[in-house]
Amino acid sequence: LNDVAVSDDGSVFVTDSEAGSVLRLPSGGDRLLPYREGAFRYPNGLAFVDGVLLVCDALGLQALDGPDAPPRRLLAPGGFPLGGFDGLSARGRTLVAVQNSLGAARIVRIDVGPSARSVLRAAVLEAGNPLWRIPTTGALRGDEYLYIGNSALDAYRDGEVTPAGRVPTRLHRLTIPS
């Protein structure tokens, strides 16, 4: 399991990246149930905007309007790539994510329209931070985005600790304007 989002009714949604699926734990439930199986290519980030579940996978950002509706791909103006997010956080209709699997890592902001029908704007907030080493998922807290700057995803190889595994994990903070 990779990322998590909680709906207004208290249901918990998680991505199973290896299976390309989204699972749901109903509010008060005791086990995960399939919600959308095999529909994504390495799904990672999840967030809710206006009650619509947004799923980020290797290829882009998709909306799930309900359990039986097919995924709906969202496109950004100007061809801004919306794939490769590691984690996804929402504040109202603003999304913030680490985009680390399309080349040079960066923190991005995406503003979506009502009911997550469209992407209005997408912008890079930070890139090329020399303190990063494979930045990864984060969370919004008020007007701040807190994220892991060096995830240690490359800390072990062949059962041995690599030099990257000896670097302490750092949390980073970025102010997100309203």
# chains A, B, ... in the order shown; residues from 1 in each chain; ligands from 1
call {"tool": "residues_around", "arguments": {"residues": "Val12 in chain A", "least_positions_apart": "2", "cutoff": "12 Å", "atoms": "only C-alpha atoms", "output": "PyMOL selection string"}}
result
chain A and resi 3-10+14-15+22-35+46-48+53
call {"tool": "residues_around", "arguments": {"residues": "range 72-83 of chain A", "least_positions_apart": "3", "cutoff": "12 Å", "atoms": "only C-alpha atoms", "output": "PDB file with C-alpha atoms, in the first residue's frame"}}
result
ATOM      1  CA  ALA A  39      -7.102   0.643 -13.662  1.00  0.00           C
ATOM      2  CA  PHE A  40      -3.871   2.536 -13.030  1.00  0.00           C
ATOM      3  CA  ARG A  41      -0.174   2.342 -13.778  1.00  0.00           C
ATOM      4  CA  TYR A  42       1.563   2.457 -10.398  1.00  0.00           C
ATOM      5  CA  PRO A  43      -0.987   4.630  -8.583  1.00  0.00           C
ATOM      6  CA  ASN A  44       0.448   6.652  -5.764  1.00  0.00           C
ATOM      7  CA  GLY A  45      -1.124   9.923  -4.598  1.00  0.00           C
ATOM      8  CA  VAL A  52     -14.221  13.501  -6.124  1.00  0.00           C
ATOM      9  CA  LEU A  53     -11.379  11.050  -5.536  1.00  0.00           C
ATOM     10  CA  LEU A  54      -8.268  12.054  -7.478  1.00  0.00           C
ATOM     11  CA  VAL A  55      -5.691   9.377  -8.219  1.00  0.00           C
ATOM     12  CA  CYS A  56      -2.219  10.116  -9.478  1.00  0.00           C
ATOM     13  CA  ASP A  57      -0.360   7.406 -11.317  1.00  0.00           C
ATOM     14  CA  ALA A  58       2.793   7.226 -13.428  1.00  0.00           C
ATOM     15  CA  LEU A  59       0.977   8.659 -16.436  1.00  0.00           C
ATOM     16  CA  GLY A  60      -1.161  11.425 -14.994  1.00  0.00           C
ATOM     17  CA  LEU A  61      -3.931  12.615 -12.723  1.00  0.00           C
ATOM     18  CA  GLN A  62      -7.323  10.927 -12.924  1.00  0.00           C
ATOM     19  CA  ALA A  63     -10.669  11.549 -11.264  1.00  0.00           C
ATOM     20  CA  LEU A  64     -13.005   8.850  -9.983  1.00  0.00           C
ATOM     21  CA  ASP A  65     -16.519  10.270  -9.852  1.00  0.00           C
ATOM     22  CA  GLY A  66     -17.885   7.167  -8.130  1.00  0.00           C
ATOM     23  CA  ASP A  68     -18.788   2.583 -11.143  1.00  0.00           C
ATOM     24  CA  ALA A  69     -17.594   5.573 -13.180  1.00  0.00           C
ATOM     25  CA  ASP A  86       4.653  10.831  -5.004  1.00  0.00           C
ATOM     26  CA  GLY A  87       1.835  11.649  -2.670  1.00  0.00           C
ATOM     27  CA  LEU A  88      -0.906  14.194  -3.185  1.00  0.00           C
ATOM     28  CA  LEU A  95      -3.323  20.193  -4.735  1.00  0.00           C
ATOM     29  CA  VAL A  96       0.354  20.011  -3.772  1.00  0.00           C
ATOM     30  CA  ALA A  97       2.635  17.087  -4.524  1.00  0.00           C
ATOM     31  CA  VAL A  98       6.209  15.937  -4.927  1.00  0.00           C
ATOM     32  CA  GLN A  99       6.791  15.078  -8.578  1.00  0.00           C
ATOM     33  CA  ASN A 100       9.855  12.862  -8.465  1.00  0.00           C
ATOM     34  CA  SER A 101       9.601  10.227 -11.154  1.00  0.00           C
ATOM     35  CA  LEU A 102       9.678  12.296 -14.348  1.00  0.00           C
ATOM     36  CA  GLY A 103      13.304  13.388 -14.092  1.00  0.00           C
ATOM     37  CA  ARG A 106      10.138  19.243  -7.891  1.00  0.00           C
ATOM     38  CA  ILE A 107       7.237  20.373  -5.712  1.00  0.00           C
ATOM     39  CA  VAL A 108       4.167  21.315  -7.745  1.00  0.00           C
ATOM     40  CA  ARG A 109       0.862  23.073  -7.149  1.00  0.00           C
ATOM     41  CA  ILE A 110      -2.260  22.242  -9.151  1.00  0.00           C
ATOM     42  CA  ASP A 111      -5.456  24.289  -8.921  1.00  0.00           C
ATOM     43  CA  VAL A 112      -8.540  22.397 -10.086  1.00  0.00           C
ATOM     44  CA  GLY A 113     -11.986  23.642 -11.050  1.00  0.00           C
ATOM     45  CA  SER A 115     -16.044  19.095  -8.975  1.00  0.00           C
ATOM     46  CA  ALA A 116     -12.500  18.414 -10.217  1.00  0.00           C
ATOM     47  CA  ARG A 117     -13.721  18.761 -13.811  1.00  0.00           C
ATOM     48  CA  SER A 118     -10.581  20.559 -15.017  1.00  0.00           C
ATOM     49  CA  VAL A 119      -7.128  21.779 -14.090  1.00  0.00           C
ATOM     50  CA  LEU A 120      -7.066  25.565 -14.071  1.00  0.00           C
ATOM     51  CA  ARG A 121      -3.372  26.099 -13.292  1.00  0.00           C
ATOM     52  CA  ALA A 122      -0.249  24.083 -12.602  1.00  0.00           C
ATOM     53  CA  ALA A 123       3.077  25.466 -11.447  1.00  0.00           C
ATOM     54  CA  VAL A 124       6.421  24.416 -10.004  1.00  0.00           C
TER      55      VAL A 124
END
call {"tool": "select_by_dssp", "arguments": {"residues": "range 38-166 of chain A", "states": "helix (DSSP H, G or I)", "output": "ChimeraX atom specification"}}
result
/A:77-79,114-116,163-166
call {"tool": "atom_distance", "arguments": {"atom1": "CA of Leu146 in chain A", "atom2": "CA of His172 in chain A"}}
result
5.6 Å
call {"tool": "residues_around", "arguments": {"residues": "Thr169 in chain A", "least_positions_apart": "3", "cutoff": "12 Å", "atoms": "only C-alpha atoms", "output": "NGL selection string"}}
result
:A and (131-136 or 147-153 or 155 or 164-166 or 172)
call {"tool": "select_by_dssp", "arguments": {"residues": "range 13-117 of chain A", "states": "strand (DSSP E)", "output": "VMD selection string"}}
result
chain A and resid 13 to 16 21 to 25 33 to 36 46 to 49 52 to 56 61 to 64 72 to 74 85 to 91 94 to 99 106 to 112
call {"tool": "closest_residue", "arguments": {"among": "A:Gly38, A:Gly159, A:Gly142, A:Pro67", "to": "Ser17 in chain A", "atoms": "only C-alpha atoms"}}
result
A:Gly38
call {"tool": "atom_distance", "arguments": {"atom1": "CA of Ala139 in chain A", "atom2": "CA of Arg173 in chain A"}}
result
9.8 Å
call {"tool": "atom_distance", "arguments": {"atom1": "CA of Glu126 in chain A", "atom2": "CA of Tyr145 in chain A"}}
result
11.4 Å
